[in-house]
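Undergrad: So I've got this file, model.txt, and it contains compact mmCIF, C-alpha atoms:
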```txt
# COMPACT_ATOMS: atom_id res chain seq x y z
CA MET A 1 127.02 -72.48 29.26
CA LYS A 2 127.43 -68.83 30.24
CA PRO A 3 124.67 -67.41 32.56
CA VAL A 4 123.74 -64.73 30.02
CA SER A 5 123.37 -67.29 27.22
CA ALA A 6 121.25 -69.51 29.46
CA ALA A 7 119.01 -66.57 30.37
CA LYS A 8 118.57 -65.67 26.71
CA LYS A 9 117.63 -69.26 25.93
CA ILE A 10 115.02 -69.25 28.72
CA ILE A 11 113.57 -65.97 27.47
CA SER A 12 113.49 -67.26 23.88
CA THR A 13 111.78 -70.48 24.95
CA THR A 14 109.24 -68.57 27.06
CA ARG A 15 108.40 -66.30 24.13
CA ALA A 16 107.95 -69.30 21.85
CA LEU A 17 105.59 -70.94 24.36
CA LEU A 18 103.57 -67.74 24.75
CA PHE A 19 103.31 -67.37 20.98
CA ALA A 20 102.20 -70.98 20.63
CA ALA A 21 99.58 -70.52 23.36
CA SER A 22 98.31 -67.32 21.72
CA ALA A 23 98.16 -68.97 18.31
CA THR A 24 96.27 -71.95 19.76
CA PHE A 25 93.74 -69.61 21.41
CA LEU A 26 93.22 -67.56 18.28
CA PHE A 27 92.88 -70.72 16.21
CA SER A 28 90.23 -72.02 18.58
CA VAL A 29 88.43 -68.70 18.20
CA SER A 30 88.34 -68.75 14.43
CA ALA A 31 88.23 -72.44 13.52
CA CYS A 32 84.79 -73.23 14.87
CA SER A 33 83.72 -75.17 11.83
CA PHE A 34 86.04 -77.89 13.13
CA GLY A 35 84.34 -77.90 16.51
CA PHE A 36 86.68 -75.75 18.62
CA PRO A 37 85.10 -73.54 21.33
CA ASN A 38 85.21 -69.80 20.79
CA THR A 39 86.51 -68.81 24.23
CA LEU A 40 88.33 -70.42 27.12
CA LEU A 41 85.20 -69.96 29.24
CA ASN A 42 83.03 -71.84 26.77
CA THR A 43 83.38 -75.61 27.08
CA ASN A 44 80.78 -76.27 24.38
CA SER A 45 81.19 -76.22 20.63
CA ALA A 46 78.74 -76.00 17.77
CA ASN A 47 79.49 -79.52 16.53
CA ALA A 48 79.17 -80.96 20.04
CA ARG A 49 75.73 -79.37 20.42
CA TRP A 50 74.74 -80.81 17.03
CA THR A 51 76.03 -84.38 17.37
CA ASN A 52 72.43 -85.53 16.85
CA PRO A 53 70.92 -82.84 14.60
CA GLU A 54 67.36 -84.17 14.78
CA ALA A 55 67.41 -83.82 18.58
CA SER A 56 69.00 -80.35 18.37
CA PHE A 57 66.31 -78.94 16.08
CA LYS A 58 62.69 -78.48 17.13
CA GLN A 59 59.81 -78.01 14.67
CA LEU A 60 57.22 -75.77 16.29
CA GLY A 61 54.66 -75.71 13.48
CA THR A 62 52.51 -72.68 12.67
CA ILE A 63 52.42 -70.19 15.56
CA TYR A 64 50.36 -67.51 13.83
CA ASP A 65 47.65 -67.90 11.19
CA GLY A 66 45.64 -64.75 10.68
CA SER A 67 45.24 -61.37 9.09
CA ASP A 68 47.87 -59.47 7.14
CA PRO A 69 49.84 -57.47 8.20
CA TYR A 70 50.92 -58.63 11.64
CA TYR A 71 53.48 -57.45 14.23
CA PHE A 72 55.91 -59.15 16.60
CA LEU A 73 58.35 -58.05 19.31
CA LEU A 74 62.12 -58.42 18.90
CA PHE A 75 65.03 -57.84 21.27
CA SER A 76 68.47 -59.25 22.11
CA ASP A 77 71.29 -59.30 24.67
CA ILE A 78 69.50 -58.71 27.96
CA HIS A 79 72.41 -60.17 30.00
CA PHE A 80 70.84 -60.90 33.38
CA GLY A 81 73.63 -60.73 35.95
CA LYS A 82 75.40 -57.83 34.24
CA LYS A 83 76.02 -54.62 36.16
CA ASN A 84 73.84 -51.84 34.70
CA GLY A 85 72.01 -54.58 32.85
CA PRO A 86 68.34 -55.08 32.07
CA ALA A 87 65.59 -52.59 32.83
CA GLU A 88 62.71 -55.03 32.49
CA ASN A 89 59.99 -52.51 33.29
CA THR A 90 60.82 -50.56 30.14
CA LEU A 91 59.57 -53.36 27.90
CA LEU A 92 56.63 -54.22 30.16
CA ASP A 93 55.49 -50.59 30.23
CA PHE A 94 55.87 -50.41 26.47
CA ILE A 95 53.60 -53.42 25.95
CA ASP A 96 51.03 -51.90 28.33
CA PHE A 97 51.17 -48.65 26.38
CA HIS A 98 50.74 -50.49 23.09
CA ASN A 99 47.82 -52.55 24.41
CA GLN A 100 46.03 -49.31 25.31
CA LYS A 101 46.61 -48.03 21.78
CA VAL A 102 45.09 -51.24 20.41
CA ALA A 103 42.07 -50.94 22.69
CA ASN A 104 41.49 -47.33 21.61
CA GLY A 105 42.14 -47.96 17.91
CA GLU A 106 45.00 -45.45 17.94
CA VAL A 107 48.18 -45.24 15.87
CA HIS A 108 51.44 -46.54 17.31
CA GLU A 109 54.29 -47.81 15.09
CA ASP A 110 53.10 -46.34 11.80
CA ALA A 111 50.16 -44.71 10.07
CA ASN A 112 47.93 -47.74 10.65
CA ALA A 113 45.92 -48.51 13.77
CA ALA A 114 47.91 -50.43 16.36
CA THR A 115 47.42 -54.21 16.33
CA PRO A 116 48.47 -56.75 18.99
CA TYR A 117 51.89 -58.39 19.00
CA ARG A 118 51.50 -62.01 17.90
CA PHE A 119 54.79 -63.40 19.26
CA CYS A 120 58.16 -62.36 20.69
CA LEU A 121 61.70 -63.22 19.50
CA PHE A 122 64.86 -62.98 21.60
CA LEU A 123 68.21 -63.29 19.79
CA GLY A 124 70.44 -64.56 22.57
CA ASP A 125 72.51 -63.78 25.68
CA ALA A 126 69.84 -64.16 28.33
CA ALA A 127 72.62 -64.53 30.91
CA GLU A 128 75.92 -62.78 31.54
CA HIS A 129 77.95 -65.53 33.24
CA GLY A 130 75.89 -68.65 32.56
CA ASP A 131 74.75 -68.93 36.20
CA GLU A 132 71.47 -70.66 37.03
CA GLU A 133 70.11 -67.63 38.90
CA GLU A 134 70.52 -65.51 35.77
CA PHE A 135 68.41 -67.92 33.73
CA LYS A 136 65.81 -68.02 36.49
CA GLU A 137 65.59 -64.22 36.25
CA TYR A 138 65.14 -64.49 32.49
CA ALA A 139 62.37 -67.08 32.96
CA GLN A 140 60.55 -64.76 35.38
CA PHE A 141 60.92 -61.89 32.95
CA GLU A 142 59.57 -64.05 30.11
CA LYS A 143 56.50 -64.87 32.21
CA LYS A 144 55.80 -61.16 32.78
CA VAL A 145 56.26 -60.31 29.08
CA ILE A 146 53.85 -63.03 27.93
CA GLU A 147 51.27 -62.02 30.54
CA LYS A 148 51.37 -58.46 29.22
CA MET A 149 51.17 -59.62 25.61
CA LYS A 150 48.15 -61.80 26.37
CA GLU A 151 46.34 -58.79 27.78
CA GLY A 152 46.48 -57.39 24.25
CA ASP A 153 45.94 -60.68 22.41
CA ALA A 154 44.92 -63.78 24.35
CA ALA A 155 45.85 -65.88 21.29
CA CYS A 156 49.47 -64.65 21.07
CA PHE A 157 52.16 -67.33 21.21
CA GLY A 158 52.72 -68.27 24.84
CA ARG A 159 56.52 -68.32 25.07
CA ILE A 160 59.43 -66.07 24.03
CA LEU A 161 61.22 -67.82 21.16
CA THR A 162 64.83 -67.77 22.35
CA VAL A 163 68.02 -68.13 20.31
CA LEU A 164 71.22 -69.39 21.97
CA GLY A 165 73.89 -66.73 22.66
CA ASN A 166 77.59 -67.09 23.45
CA HIS A 167 77.17 -65.92 27.08
CA ASP A 168 74.43 -68.52 27.52
CA THR A 169 77.05 -71.27 27.09
CA TYR A 170 79.55 -69.98 29.67
CA SER A 171 80.35 -72.27 32.60
CA LYS A 172 77.36 -74.65 32.96
CA GLY A 173 75.07 -72.21 31.18
CA TYR A 174 74.08 -74.35 28.23
CA GLY A 175 72.31 -76.88 30.46
CA TYR A 176 70.48 -74.11 32.31
CA TRP A 177 69.61 -72.43 29.00
CA GLN A 178 68.02 -75.68 27.82
CA GLU A 179 66.03 -75.93 31.07
CA TYR A 180 64.78 -72.35 31.43
CA THR A 181 64.25 -71.07 27.87
CA PHE A 182 62.00 -72.04 24.98
CA PRO A 183 62.25 -74.12 22.90
CA GLY A 184 65.50 -75.11 24.64
CA THR A 185 67.11 -76.52 21.51
CA PRO A 186 69.91 -74.74 19.63
CA GLY A 187 67.91 -74.89 16.41
CA PHE A 188 64.21 -74.51 15.66
CA ILE A 189 61.73 -73.60 12.95
CA PHE A 190 58.27 -72.09 13.05
CA THR A 191 55.95 -70.74 10.40
CA THR A 192 53.43 -67.94 10.13
CA VAL A 193 50.52 -67.67 7.74
CA SER A 194 49.42 -64.15 6.93
CA GLY A 195 46.74 -63.42 4.38
CA GLY A 196 47.14 -66.99 3.13
CA LYS A 197 50.93 -66.73 2.60
CA SER A 198 53.33 -68.90 4.60
CA ARG A 199 56.71 -67.78 5.93
CA SER A 200 59.40 -69.78 7.77
CA PHE A 201 61.61 -68.55 10.62
CA TYR A 202 64.78 -70.52 11.38
CA GLY A 203 66.40 -70.23 14.81
CA THR A 204 70.07 -71.24 14.60
CA ASP A 205 73.14 -71.77 16.78
CA SER A 206 76.03 -69.33 16.27
CA ALA A 207 77.02 -69.20 19.95
CA SER A 208 80.55 -70.44 19.19
CA SER A 209 81.10 -67.85 16.44
CA CYS A 210 80.23 -70.46 13.83
CA PHE A 211 77.60 -72.95 12.78
CA GLY A 212 79.78 -76.07 12.59
CA SER A 213 79.61 -78.72 9.90
CA ASN A 214 76.97 -80.84 11.69
CA GLN A 215 74.48 -77.99 11.90
CA LEU A 216 75.32 -76.52 8.52
CA ASN A 217 74.83 -79.80 6.64
CA PHE A 218 71.54 -80.38 8.45
CA LEU A 219 70.26 -76.85 7.74
CA GLU A 220 71.15 -77.14 4.07
CA LYS A 221 68.76 -80.08 3.75
CA LYS A 222 66.04 -78.19 5.62
CA PHE A 223 66.44 -75.04 3.54
CA THR A 224 66.36 -76.79 0.18
CA SER A 225 63.19 -78.73 1.07
CA ASP A 226 61.35 -75.59 2.25
CA SER A 227 59.85 -73.42 -0.51
CA ASN A 228 58.58 -70.71 1.86
CA PRO A 229 60.20 -67.28 2.00
CA LYS A 230 62.36 -67.24 5.12
CA PHE A 231 63.89 -65.25 7.97
CA PHE A 232 67.16 -66.44 9.53
CA LEU A 233 67.59 -65.91 13.30
CA SER A 234 71.11 -65.94 14.74
CA HIS A 235 72.85 -64.54 17.80
CA GLU A 236 75.96 -63.45 15.91
CA PRO A 237 75.85 -61.55 12.60
CA TYR A 238 77.47 -63.17 9.58
CA SER A 239 78.95 -59.91 8.28
CA GLN A 240 82.56 -59.14 9.15
CA LEU A 241 82.68 -55.91 7.22
CA GLU A 242 81.40 -52.48 8.23
CA PRO A 243 79.53 -51.62 10.38
CA HIS A 244 80.48 -54.63 12.53
CA GLY A 245 84.25 -54.49 11.98
CA LYS A 246 86.61 -57.45 11.83
CA SER A 247 86.37 -58.38 15.50
CA PHE A 248 87.05 -62.01 16.47
CA MET A 249 83.60 -61.98 18.08
CA VAL A 250 82.06 -62.26 14.61
CA SER A 251 84.88 -64.16 12.94
CA PHE A 252 83.05 -66.97 11.21
CA ASP A 253 85.31 -69.32 9.32
CA GLN A 254 85.52 -67.80 5.82
CA GLU A 255 84.67 -70.99 3.93
CA GLU A 256 81.70 -71.62 6.19
CA LYS A 257 80.58 -68.01 5.90
CA LEU A 258 80.63 -68.13 2.10
CA MET A 259 78.67 -71.38 2.14
CA MET A 260 76.02 -69.84 4.41
CA MET A 261 75.74 -66.72 2.25
CA GLN A 262 75.19 -68.94 -0.78
CA LEU A 263 72.52 -70.94 1.04
CA LEU A 264 70.71 -67.75 2.01
CA PHE A 265 70.82 -66.43 -1.53
CA GLU A 266 69.65 -69.69 -3.14
CA ASN A 267 66.87 -70.56 -0.69
CA ASN A 268 64.55 -67.57 -0.59
CA PHE A 269 65.81 -65.81 2.54
CA ASP A 270 64.72 -62.20 3.01
CA ALA A 271 66.70 -61.30 6.11
CA PHE A 272 69.28 -62.43 8.64
CA LEU A 273 68.30 -61.07 12.08
CA SER A 274 71.06 -61.04 14.70
CA GLY A 275 72.28 -59.49 17.96
CA HIS A 276 75.62 -59.85 19.81
CA VAL A 277 77.16 -56.60 18.55
CA HIS A 278 75.57 -54.25 21.09
CA THR A 279 75.82 -51.18 18.88
CA GLY A 280 73.82 -52.83 16.08
CA GLY A 281 74.18 -52.31 12.35
CA ILE A 282 72.80 -53.11 8.89
CA THR A 283 74.63 -54.81 6.01
CA VAL A 284 73.21 -56.01 2.68
CA ARG A 285 74.86 -58.95 0.90
CA ASP A 286 73.43 -60.26 -2.39
CA GLU A 287 70.01 -58.76 -1.62
CA THR A 288 69.87 -60.45 1.82
CA VAL A 289 69.73 -58.00 4.72
CA ASP A 290 71.88 -58.70 7.80
CA TYR A 291 70.04 -56.61 10.42
CA THR A 292 71.79 -56.56 13.81
CA VAL A 293 69.64 -55.19 16.61
CA LYS A 294 71.08 -53.04 19.40
CA SER A 295 71.24 -54.65 22.82
CA PHE A 296 68.49 -54.44 25.42
CA THR A 297 71.05 -54.21 28.19
CA ASN A 298 72.37 -50.72 28.90
CA ASN A 299 74.31 -49.59 25.84
CA GLY A 300 75.43 -45.98 25.82
CA GLY A 301 72.60 -45.06 28.18
CA GLU A 302 69.73 -46.66 26.24
CA HIS A 303 67.86 -49.95 26.29
CA SER A 304 66.81 -50.80 22.73
CA PHE A 305 64.01 -53.08 21.58
CA TYR A 306 62.11 -53.50 18.33
CA THR A 307 58.81 -54.31 16.73
CA VAL A 308 58.53 -55.86 13.28
CA LYS A 309 55.65 -55.49 10.86
CA ILE A 310 55.24 -58.27 8.28
CA ASP A 311 53.16 -57.09 5.33
CA GLU A 312 52.93 -60.00 2.89
CA GLN A 313 50.45 -58.32 0.57
CA ASN A 314 52.76 -55.37 -0.06
CA LYS A 315 55.89 -57.56 0.15
CA LYS A 316 57.72 -55.64 2.84
CA ALA A 317 58.83 -55.96 6.45
CA THR A 318 59.41 -52.87 8.56
CA ILE A 319 61.60 -52.94 11.66
CA TYR A 320 60.85 -50.20 14.21
CA LYS A 321 63.44 -49.34 16.83
CA PHE A 322 62.38 -48.09 20.27
CA THR A 323 64.53 -47.00 23.22
CA GLU A 324 63.97 -46.48 26.93
CA GLU A 325 63.98 -42.70 26.41
CA THR A 326 61.82 -42.39 23.29
CA TRP A 327 59.23 -45.19 23.20
CA LYS A 328 56.30 -43.03 24.35
CA THR A 329 56.74 -40.69 21.38
CA GLY A 330 57.03 -43.44 18.78
CA PRO A 331 59.88 -45.32 17.11
CA GLN A 332 63.32 -43.71 17.06
CA SER A 333 63.93 -45.10 13.56
CA SER A 334 62.64 -47.66 11.06
CA TYR A 335 64.06 -49.84 8.30
CA THR A 336 62.12 -51.53 5.50
CA ILE A 337 63.10 -54.86 3.92
CA ALA A 338 61.69 -56.04 0.59
CA LEU A 339 60.10 -59.49 0.90
CA ASN A 340 59.98 -62.32 -1.60
```
In structure tokens, how does this file's structure come out?

TA:
Amino acid sequence: MKPVSAAKKIISTTRALLFAASATFLFSVSACSFGFPNTLLNTNSANARWTNPEASFKQLGTIYDGSDPYYFLLFSDIHFGKKNGPAENTLLDFIDFHNQKVANGEVHEDANAATPYRFCLFLGDAAEHGDEEEFKEYAQFEKKVIEKMKEGDAACFGRILTVLGNHDTYSKGYGYWQEYTFPGTPGFIFTTVSGGKSRSFYGTDSASSCFGSNQLNFLEKKFTSDSNPKFFLSHEPYSQLEPHGKSFMVSFDQEEKLMMMQLLFENNFDAFLSGHVHTGGITVRDETVDYTVKSFTNNGGEHSFYTVKIDEQNKKATIYKFTEETWKTGPQSSYTIALN
């Protein structure tokens, strides 16, 4: 064989191998419903985390039963361990400020007198690299947040309700996430009762850019047996269209995505609350709102966090956005969702 021909053959073979490797990686990214991990750093998969669905799903019962309306705190993507990451004091100072408004009977989020925050939701990515120290930092931050919240309402729920994010599964992160966060299971449900009306909140596992067949089949049974109006809590948004774009980071398997959208539509879901896409966004599909919150970690110079008002009597939920720069003067923006 001539040297030039041999060299061409080597180059051709190398290209074929690179293409095959790239195709395998991209397939693993998009085919999560079959249990493939979504990145090379992530050794977990949705189906692996849901081998025993009953053990992967915790029922927390009713965490708030009281007057209507009520408010809760919401944030996502704090990424402890990230350079230019969390500014914890921003949220702690905000809660202090709000508690003072409550004590004085003053207005805060809207035209009504400020009321205490009853619980706090976090939509994933507590850690940046999945290191134990990062989760320890998150646990310390959680303790400070709850202490501040209890100064405003001693009866508020005593833990941050934490959804699993993709960064939380990096390296050995999933085990640390289970140890240091609450409830420490990739799925959970809790209910609230406001003015006599019950509402369910479902925490789910989208950390591998999918739900996986084990989780999805289990959730379908839970949804269909629950007549309450519902909120869906996920790290990753289910929308691939604008404003999120068609990034592989939100590339749910299309068949799985369509199945989930149908389940949401048929089972009395009002909203799909998510994080992951740090710039945030809002999409409406078949009357179900996919509201993606901006990240708490530094994003374009601002740390964003939210409060949510649930008003069952008037059948609406209002999401108020606050930032590090504007929280003292009130919400930067708000968005209202019609409730069932």

Undergrad: Excluding Lys230 (chain A) and any residue of its chain fewer than 6 positions from it, enumerate the residues within 8 Å of it, using only C-alpha atoms, and give them as number ranges by chain.

TA: A: 199-202, 268-271

Undergrad: To one decimal in Å, tell me the separation between CA of Pro116 (chain A) and CA of Thr326 (chain A).

TA: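 It comes out at 20.1 Å.
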
Undergrad: So what do you get for CA of Thr279 (chain A) versus CA of Lys315 (chain A), distance-wise?

TA: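 Going from CA of Thr279 (chain A) over to CA of Lys315 (chain A) covers 28.1 Å.
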
Undergrad: Would you pick out the contacts of Ile95 (chain A) at 12 Å or less, using only C-alpha atoms, so that residues sharing its chain but fewer than 6 positions from it are not included, and give the list as number ranges by chain?

TA: A: 72-73, 88-89, 101-102, 108, 114-118, 120, 144-153, 305-307, 322, 327-328

Undergrad: With a distance cut-off of 7 Å and only C-alpha atoms, select the neighbouring residues of Val293 (chain A), excluding the residue or stretch itself and same-chain residues fewer than 5 positions from it, and output the selection as a ChimeraX atom specification.

TA: /A:76,274-275,280-281

Undergrad: Between A:Gly195, A:Gly175, A:Pro237, A:Gly187, which has the minimum distance to Leu219 (chain A) (counting only C-alpha atoms)?

TA: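 Residue with the minimum atom-to-atom distance to Leu219 (chain A): A:Gly187.
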
Undergrad: So that all listed atoms of region 148-152 of chain A fit with 5 Å spare on each side, what axis-aligned box centre and edge lengths in Å, to one decimal, would you give as AutoDock Vina command-line options?

TA:
```
--center_x 48.9 --center_y -59.6 --center_z 26.7 --size_x 15.0 --size_y 14.4 --size_z 15.0
```

Undergrad: Using all atoms listed in the file, what residues lie at most 9 Å away from (51.1, -70.0, 8.3) (file coordinates), given as number ranges by chain?

TA: A: 61-66, 190-200

Undergrad: CA of Leu339 (chain A) and CA of Leu164 (chain A) are how many Å apart?

TA: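 One can read the CA of Leu339 (chain A) to CA of Leu164 (chain A) distance as 25.8 Å.
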
Undergrad: Would you mind telling me which residue in A:Tyr291, A:Phe122, A:Phe135, A:Phe218 lies nearest to Tyr180 (chain A) when using all atoms listed in the file?

TA: A:Phe135

Undergrad: Let me make sure I understand: among A:Ser304, A:Asn228, A:Asn298, A:Thr288, which one has the smallest atom-to-atom distance to Ile337 (chain A) if we use all atoms listed in the file?

TA: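 When distances to Ile337 (chain A) are compared using all atoms listed in the file, the smallest one comes from A:Thr288.
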
Undergrad: My list of candidates is A:Val277, A:Leu123, A:Leu263, A:Ala46. Which is closest to Leu233 (chain A) when distances are computed with all atoms listed in the file?

TA: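 Closest candidate: A:Leu123.
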
Undergrad: Restricting the calculation to only C-alpha atoms, which member of A:Asn99, A:Asn340, A:Ser334, A:Thr297 is positioned closest to Lys83 (chain A)?

TA: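 Of A:Asn99, A:Asn340, A:Ser334, A:Thr297, the one nearest Lys83 (chain A), counting only C-alpha atoms, is A:Thr297.
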
Undergrad: Considering all atoms listed in the file, state which residue in the set A:Asp168, A:Asp110, A:Ser206, A:His276 is at the smallest distance from Ile319 (chain A).

TA: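 Result for the nearest residue to Ile319 (chain A): A:Asp110.
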
Undergrad: Which residues, written as a list in words, have at least one atom at most 8 Å from Pro69 (chain A), with all atoms listed in the file counted and residues fewer than 3 positions away on the same chain left out?

TA: Ser194, Gly195, Lys309, Ile310, Asp311, Glu312 and Gln313 of chain A

Undergrad: Excluding Ile282 (chain A) and residues on its chain fewer than 4 positions from it, collect all residues at most 8 Å away from it, counting all atoms listed in the file, and give them as a ChimeraX atom specification.

TA: /A:243,289-292

Undergrad: Restore all heavy atoms in region 114-123 of chain A and list the result as a JSON list (two decimals), keeping the file's coordinate frame.

TA:
```
[["chain", "number", "residue", "atom", "x", "y", "z"],
["A", 114, "ALA", "N", 47.10, -49.45, 15.67],
["A", 114, "ALA", "CA", 47.91, -50.43, 16.36],
["A", 114, "ALA", "C", 47.20, -51.78, 16.42],
["A", 114, "ALA", "O", 45.98, -51.86, 16.59],
["A", 114, "ALA", "CB", 48.20, -49.95, 17.79],
["A", 115, "THR", "N", 47.95, -52.85, 16.23],
["A", 115, "THR", "CA", 47.42, -54.21, 16.33],
["A", 115, "THR", "C", 48.27, -54.97, 17.34],
["A", 115, "THR", "O", 49.42, -54.62, 17.58],
["A", 115, "THR", "CB", 47.43, -54.93, 14.97],
["A", 115, "THR", "OG1", 48.79, -55.01, 14.50],
["A", 115, "THR", "CG2", 46.59, -54.19, 13.94],
["A", 116, "PRO", "N", 47.73, -56.04, 17.95],
["A", 116, "PRO", "CA", 48.47, -56.75, 18.99],
["A", 116, "PRO", "C", 49.75, -57.40, 18.46],
["A", 116, "PRO", "O", 49.87, -57.70, 17.27],
["A", 116, "PRO", "CB", 47.48, -57.83, 19.46],
["A", 116, "PRO", "CG", 46.14, -57.36, 19.01],
["A", 116, "PRO", "CD", 46.38, -56.60, 17.75],
["A", 117, "TYR", "N", 50.69, -57.65, 19.36],
["A", 117, "TYR", "CA", 51.89, -58.39, 19.00],
["A", 117, "TYR", "C", 51.58, -59.88, 19.08],
["A", 117, "TYR", "O", 51.07, -60.38, 20.09],
["A", 117, "TYR", "CB", 53.05, -58.03, 19.95],
["A", 117, "TYR", "CG", 53.40, -56.57, 19.88],
["A", 117, "TYR", "CD1", 53.41, -55.77, 21.02],
["A", 117, "TYR", "CD2", 53.71, -55.97, 18.66],
["A", 117, "TYR", "CE1", 53.73, -54.43, 20.94],
["A", 117, "TYR", "CE2", 54.02, -54.63, 18.57],
["A", 117, "TYR", "CZ", 54.03, -53.86, 19.72],
["A", 117, "TYR", "OH", 54.33, -52.52, 19.63],
["A", 118, "ARG", "N", 51.90, -60.60, 18.01],
["A", 118, "ARG", "CA", 51.50, -62.01, 17.90],
["A", 118, "ARG", "C", 52.50, -62.97, 18.53],
["A", 118, "ARG", "O", 52.13, -64.07, 18.94],
["A", 118, "ARG", "CB", 51.29, -62.37, 16.43],
["A", 118, "ARG", "CG", 50.37, -61.43, 15.67],
["A", 118, "ARG", "CD", 48.99, -61.34, 16.30],
["A", 118, "ARG", "NE", 48.08, -60.49, 15.51],
["A", 118, "ARG", "CZ", 46.82, -60.25, 15.81],
["A", 118, "ARG", "NH1", 46.30, -60.78, 16.90],
["A", 118, "ARG", "NH2", 46.08, -59.48, 15.05],
["A", 119, "PHE", "N", 53.78, -62.58, 18.60],
["A", 119, "PHE", "CA", 54.79, -63.40, 19.26],
["A", 119, "PHE", "C", 56.00, -62.53, 19.57],
["A", 119, "PHE", "O", 56.04, -61.35, 19.19],
["A", 119, "PHE", "CB", 55.19, -64.63, 18.43],
["A", 119, "PHE", "CG", 55.67, -64.34, 17.03],
["A", 119, "PHE", "CD1", 57.02, -64.10, 16.77],
["A", 119, "PHE", "CD2", 54.78, -64.33, 15.96],
["A", 119, "PHE", "CE1", 57.47, -63.85, 15.48],
["A", 119, "PHE", "CE2", 55.22, -64.08, 14.66],
["A", 119, "PHE", "CZ", 56.56, -63.84, 14.42],
["A", 120, "CYS", "N", 56.97, -63.11, 20.28],
["A", 120, "CYS", "CA", 58.16, -62.36, 20.69],
["A", 120, "CYS", "C", 59.41, -63.19, 20.42],
["A", 120, "CYS", "O", 59.46, -64.38, 20.78],
["A", 120, "CYS", "CB", 58.07, -62.02, 22.18],
["A", 120, "CYS", "SG", 59.47, -61.06, 22.81],
["A", 121, "LEU", "N", 60.41, -62.57, 19.80],
["A", 121, "LEU", "CA", 61.70, -63.22, 19.50],
["A", 121, "LEU", "C", 62.80, -62.59, 20.34],
["A", 121, "LEU", "O", 62.88, -61.37, 20.47],
["A", 121, "LEU", "CB", 62.06, -63.05, 18.03],
["A", 121, "LEU", "CG", 61.22, -63.74, 16.97],
["A", 121, "LEU", "CD1", 61.76, -63.40, 15.58],
["A", 121, "LEU", "CD2", 61.23, -65.24, 17.18],
["A", 122, "PHE", "N", 63.68, -63.45, 20.87],
["A", 122, "PHE", "CA", 64.86, -62.98, 21.60],
["A", 122, "PHE", "C", 66.08, -63.62, 20.96],
["A", 122, "PHE", "O", 66.15, -64.85, 20.82],
["A", 122, "PHE", "CB", 64.77, -63.34, 23.08],
["A", 122, "PHE", "CG", 65.99, -62.96, 23.86],
["A", 122, "PHE", "CD1", 66.28, -61.62, 24.11],
["A", 122, "PHE", "CD2", 66.86, -63.92, 24.34],
["A", 122, "PHE", "CE1", 67.42, -61.25, 24.82],
["A", 122, "PHE", "CE2", 67.99, -63.57, 25.06],
["A", 122, "PHE", "CZ", 68.27, -62.23, 25.30],
["A", 123, "LEU", "N", 67.08, -62.81, 20.60],
["A", 123, "LEU", "CA", 68.21, -63.29, 19.79],
["A", 123, "LEU", "C", 69.47, -63.62, 20.58],
["A", 123, "LEU", "O", 70.57, -63.61, 20.02],
["A", 123, "LEU", "CB", 68.52, -62.25, 18.70],
["A", 123, "LEU", "CG", 67.39, -61.99, 17.70],
["A", 123, "LEU", "CD1", 67.77, -60.90, 16.70],
["A", 123, "LEU", "CD2", 67.02, -63.29, 16.96]]
```
